[in-house]
Amino acid sequence: AIQGYSKYFVSAEKKGYSGVGIISSIEPERIEAGLGIAEFDREGRVLIAHFSNAILYNIYFPNGKASAERLRYKMDFYDAVMKHAIKNAKKKKVLICGDVNTAHKEIDLARPKENEKTSGFLPEERAWIDKFLSKGFYDTFRAFNEKPEQYSWWDYKTKARERNIGWRIDYFFASENARDIVKDAFIL
């Protein structure tokens, strides 16, 4: 137990598959587990904390590499998140954090040309981020840092971290109306 913090977790029906958690020093007014869509919620990928002035989404977005069906699932999940977040951003400031499982721009991965046909950097995945950002959200990291070679994931099998051959697939997105509460963004 962490003294002075509230803890919330949601996991997939399939043990050990996926899940997310929020640990907060401020007690949320309300917690939502999922988007209210059974096909997505059974994977335990979304936890939403409602505070007086903001809504925090912690999301583990699906990976689309396994099959065409799984890529379709990922894209449908993206659209459901966008719809949910847009609706909430009309009422409050919205922050979305998590593993988005897509590198947005060429600057966000070490080898963009070699990965143009790999899920995680497919044109349709990247276009979804563009569309999402055009709906009143922004990438907090890029608001503060335009430097290349800033990654959040490296393939452990190939020891990619030692060579900094990585991808930036983890994000904090914020609604435009939340710019006043976002003070910095960085990767440790």
# chains A, B, ... in the order shown; residues from 1 in each chain; ligands from 1
>>> residues_around(residues="Gly136 of chain A", least_positions_apart="6", cutoff="12 Å", atoms="only C-alpha atoms", output="number ranges by chain")
A: 82-83, 85-90, 93-95, 129-130, 173-179
>>> select_by_dssp(residues="segment 14-188 of chain A", states="helix (DSSP H, G or I)", output="ChimeraX atom specification")
/A:38-41,68-89,106-108,113-115,123-134,140-144,160-163,176-178
>>> atom_distance(atom1="atom CA of Pro123 of chain A", atom2="atom CA of Asp184 of chain A")
28.8 Å
>>> closest_residue(among="A:Asp99, A:Glu162, A:Glu106, A:Glu39", to="Tyr60 of chain A", atoms="only C-alpha atoms")
A:Asp99
>>> closest_residue(among="A:Lys131, A:Arg45, A:Arg126, A:Lys147", to="Cys97 of chain A", atoms="only C-alpha atoms")
A:Arg45
>>> atom_distance(atom1="atom CA of Ile37 of chain A", atom2="atom CA of Ser52 of chain A")
24.8 Å
>>> closest_residue(among="A:Ala49, A:Ile31, A:Ile169, A:Ile55", to="Ala103 of chain A", atoms="only C-alpha atoms")
A:Ile169
>>> select_by_dssp(residues="segment 11-170 of chain A", states="strand (DSSP E)", output="number ranges by chain")
A: 11, 19-24, 30-33, 46-50, 54-60, 93-99, 137-139, 153-154, 166-167, 170
>>> write_last_selection(atoms="N, CA, C and O atoms", output="compact mmCIF listing (two decimals), in the first residue's frame")
# COMPACT_ATOMS: atom_id res chain seq x y z
N SER A 11 -8.47 -5.18 -15.19
CA SER A 11 -7.71 -6.15 -15.98
C SER A 11 -8.64 -6.88 -16.94
O SER A 11 -9.87 -6.79 -16.85
N GLY A 19 -4.22 -4.84 -18.89
CA GLY A 19 -4.84 -4.13 -17.79
C GLY A 19 -4.16 -2.79 -17.59
O GLY A 19 -3.08 -2.54 -18.13
N VAL A 20 -4.83 -1.93 -16.83
CA VAL A 20 -4.30 -0.60 -16.54
C VAL A 20 -4.62 -0.24 -15.10
O VAL A 20 -5.50 -0.82 -14.48
N GLY A 21 -3.90 0.75 -14.60
CA GLY A 21 -4.13 1.22 -13.24
C GLY A 21 -3.88 2.70 -13.12
O GLY A 21 -3.18 3.29 -13.94
N ILE A 22 -4.48 3.28 -12.11
CA ILE A 22 -4.27 4.69 -11.78
C ILE A 22 -3.98 4.76 -10.29
O ILE A 22 -4.71 4.18 -9.48
N ILE A 23 -2.91 5.45 -9.94
CA ILE A 23 -2.57 5.73 -8.54
C ILE A 23 -2.54 7.25 -8.44
O ILE A 23 -1.81 7.92 -9.17
N SER A 24 -3.37 7.80 -7.54
CA SER A 24 -3.52 9.25 -7.48
C SER A 24 -3.50 9.77 -6.05
O SER A 24 -4.11 9.17 -5.16
N ARG A 30 -15.11 9.99 -9.36
CA ARG A 30 -15.71 8.78 -9.92
C ARG A 30 -14.68 8.07 -10.79
O ARG A 30 -13.83 8.71 -11.40
N ILE A 31 -14.77 6.74 -10.85
CA ILE A 31 -13.91 5.91 -11.70
C ILE A 31 -14.80 5.11 -12.65
O ILE A 31 -15.82 4.57 -12.25
N GLU A 32 -14.39 5.08 -13.91
CA GLU A 32 -15.07 4.25 -14.92
C GLU A 32 -14.07 3.21 -15.40
O GLU A 32 -12.95 3.56 -15.79
N ALA A 33 -14.49 1.97 -15.43
CA ALA A 33 -13.67 0.91 -16.00
C ALA A 33 -14.24 0.58 -17.37
O ALA A 33 -15.31 0.00 -17.48
N VAL A 46 -9.08 0.21 -20.44
CA VAL A 46 -9.42 1.61 -20.19
C VAL A 46 -9.85 1.81 -18.75
O VAL A 46 -10.72 1.10 -18.24
N LEU A 47 -9.24 2.80 -18.11
CA LEU A 47 -9.64 3.23 -16.78
C LEU A 47 -9.74 4.75 -16.84
O LEU A 47 -8.82 5.43 -17.31
N ILE A 48 -10.88 5.30 -16.40
CA ILE A 48 -11.13 6.74 -16.50
C ILE A 48 -11.41 7.30 -15.11
O ILE A 48 -12.32 6.83 -14.43
N ALA A 49 -10.62 8.29 -14.73
CA ALA A 49 -10.80 8.95 -13.43
C ALA A 49 -11.39 10.34 -13.67
O ALA A 49 -10.84 11.15 -14.41
N HIS A 50 -12.51 10.59 -13.02
CA HIS A 50 -13.19 11.88 -13.12
C HIS A 50 -12.84 12.71 -11.90
O HIS A 50 -13.09 12.30 -10.77
N ALA A 54 -11.11 17.93 -14.38
CA ALA A 54 -10.51 17.20 -15.50
C ALA A 54 -10.89 15.72 -15.45
O ALA A 54 -11.30 15.20 -14.41
N ILE A 55 -10.71 15.08 -16.60
CA ILE A 55 -10.94 13.65 -16.73
C ILE A 55 -9.65 13.03 -17.25
O ILE A 55 -9.09 13.49 -18.25
N LEU A 56 -9.16 12.03 -16.53
CA LEU A 56 -7.92 11.34 -16.92
C LEU A 56 -8.26 9.94 -17.43
O LEU A 56 -8.88 9.15 -16.73
N TYR A 57 -7.85 9.67 -18.65
CA TYR A 57 -7.97 8.33 -19.24
C TYR A 57 -6.61 7.65 -19.15
O TYR A 57 -5.60 8.24 -19.56
N ASN A 58 -6.56 6.43 -18.65
CA ASN A 58 -5.35 5.61 -18.73
C ASN A 58 -5.72 4.46 -19.65
O ASN A 58 -6.64 3.68 -19.34
N ILE A 59 -5.04 4.36 -20.78
CA ILE A 59 -5.43 3.41 -21.83
C ILE A 59 -4.24 2.61 -22.32
O ILE A 59 -3.18 3.15 -22.61
N TYR A 60 -4.47 1.31 -22.46
CA TYR A 60 -3.52 0.41 -23.12
C TYR A 60 -4.17 0.03 -24.45
O TYR A 60 -5.01 -0.85 -24.52
N LYS A 93 -11.75 19.36 -18.99
CA LYS A 93 -10.43 19.15 -19.57
C LYS A 93 -10.18 17.64 -19.60
O LYS A 93 -10.52 16.94 -18.65
N VAL A 94 -9.58 17.16 -20.68
CA VAL A 94 -9.34 15.72 -20.84
C VAL A 94 -7.85 15.46 -21.05
O VAL A 94 -7.20 16.12 -21.86
N LEU A 95 -7.34 14.49 -20.30
CA LEU A 95 -5.96 14.02 -20.44
C LEU A 95 -6.05 12.53 -20.76
O LEU A 95 -6.78 11.79 -20.09
N ILE A 96 -5.31 12.10 -21.77
CA ILE A 96 -5.29 10.69 -22.15
C ILE A 96 -3.85 10.22 -22.13
O ILE A 96 -3.01 10.77 -22.85
N CYS A 97 -3.56 9.24 -21.30
CA CYS A 97 -2.21 8.72 -21.25
C CYS A 97 -2.22 7.23 -21.50
O CYS A 97 -3.22 6.55 -21.28
N GLY A 98 -1.11 6.73 -22.00
CA GLY A 98 -0.99 5.30 -22.17
C GLY A 98 -0.17 4.88 -23.36
O GLY A 98 0.38 5.71 -24.09
N ASP A 99 -0.14 3.58 -23.54
CA ASP A 99 0.55 2.94 -24.66
C ASP A 99 -0.40 2.95 -25.84
O ASP A 99 -1.34 2.17 -25.90
N PHE A 137 -7.35 18.02 -29.70
CA PHE A 137 -6.39 17.44 -28.77
C PHE A 137 -4.98 17.74 -29.25
O PHE A 137 -4.77 18.09 -30.41
N TYR A 138 -4.01 17.61 -28.36
CA TYR A 138 -2.62 17.80 -28.77
C TYR A 138 -1.72 16.82 -28.05
O TYR A 138 -2.07 16.27 -27.01
N ASP A 139 -0.55 16.58 -28.64
CA ASP A 139 0.49 15.69 -28.11
C ASP A 139 1.33 16.53 -27.15
O ASP A 139 2.10 17.39 -27.58
N TRP A 153 9.82 3.00 -26.10
CA TRP A 153 9.81 1.54 -26.21
C TRP A 153 10.96 1.08 -27.12
O TRP A 153 11.23 1.71 -28.14
N TRP A 154 11.60 0.00 -26.70
CA TRP A 154 12.68 -0.62 -27.46
C TRP A 154 12.45 -2.13 -27.42
O TRP A 154 12.08 -2.68 -26.38
N GLY A 166 14.55 2.81 -31.10
CA GLY A 166 13.27 2.73 -30.41
C GLY A 166 12.11 3.35 -31.14
O GLY A 166 12.24 3.80 -32.29
N TRP A 167 11.00 3.36 -30.45
CA TRP A 167 9.75 3.93 -30.91
C TRP A 167 9.16 4.77 -29.79
O TRP A 167 9.25 4.38 -28.62
N ASP A 170 4.18 5.72 -26.48
CA ASP A 170 3.48 6.08 -25.25
C ASP A 170 3.26 7.59 -25.25
O ASP A 170 4.19 8.35 -25.50
>>> atom_distance(atom1="atom CA of Arg168 of chain A", atom2="atom CA of Gly44 of chain A")
22.5 Å
>>> closest_residue(among="A:Phe40, A:Lys117, A:Lys183, A:Asp79", to="Phe132 of chain A", atoms="only C-alpha atoms")
A:Asp79
>>> residues_around(residues="Ser67 of chain A", least_positions_apart="5", cutoff="12 Å", atoms="only C-alpha atoms", output="ChimeraX atom specification")
/A:62,72-74,118-119
>>> residues_around(residues="Phe186 of chain A", least_positions_apart="2", cutoff="8 Å", atoms="only C-alpha atoms", output="list in words")
Phe141, Phe144, Asn145, Asp184 and Leu188 of chain A
>>> write_last_selection(atoms="C-alpha atoms", output="PDB file, in the first residue's frame")
ATOM      1  CA  PHE A 141       5.374  15.806 -25.412  1.00  0.00           C
ATOM      2  CA  PHE A 144       7.637  20.893 -25.347  1.00  0.00           C
ATOM      3  CA  ASN A 145      10.161  18.789 -27.258  1.00  0.00           C
ATOM      4  CA  ASP A 184       5.787  20.050 -18.961  1.00  0.00           C
ATOM      5  CA  LEU A 188      12.551   9.478 -18.352  1.00  0.00           C
TER       6      LEU A 188
END
>>> closest_residue(among="A:Glu114, A:Phe51, A:Glu125, A:Ile107", to="Phe77 of chain A", atoms="only C-alpha atoms")
A:Glu125
>>> closest_residue(among="A:Ala160, A:Leu122, A:Ala127, A:Val81", to="Leu35 of chain A", atoms="only C-alpha atoms")
A:Val81
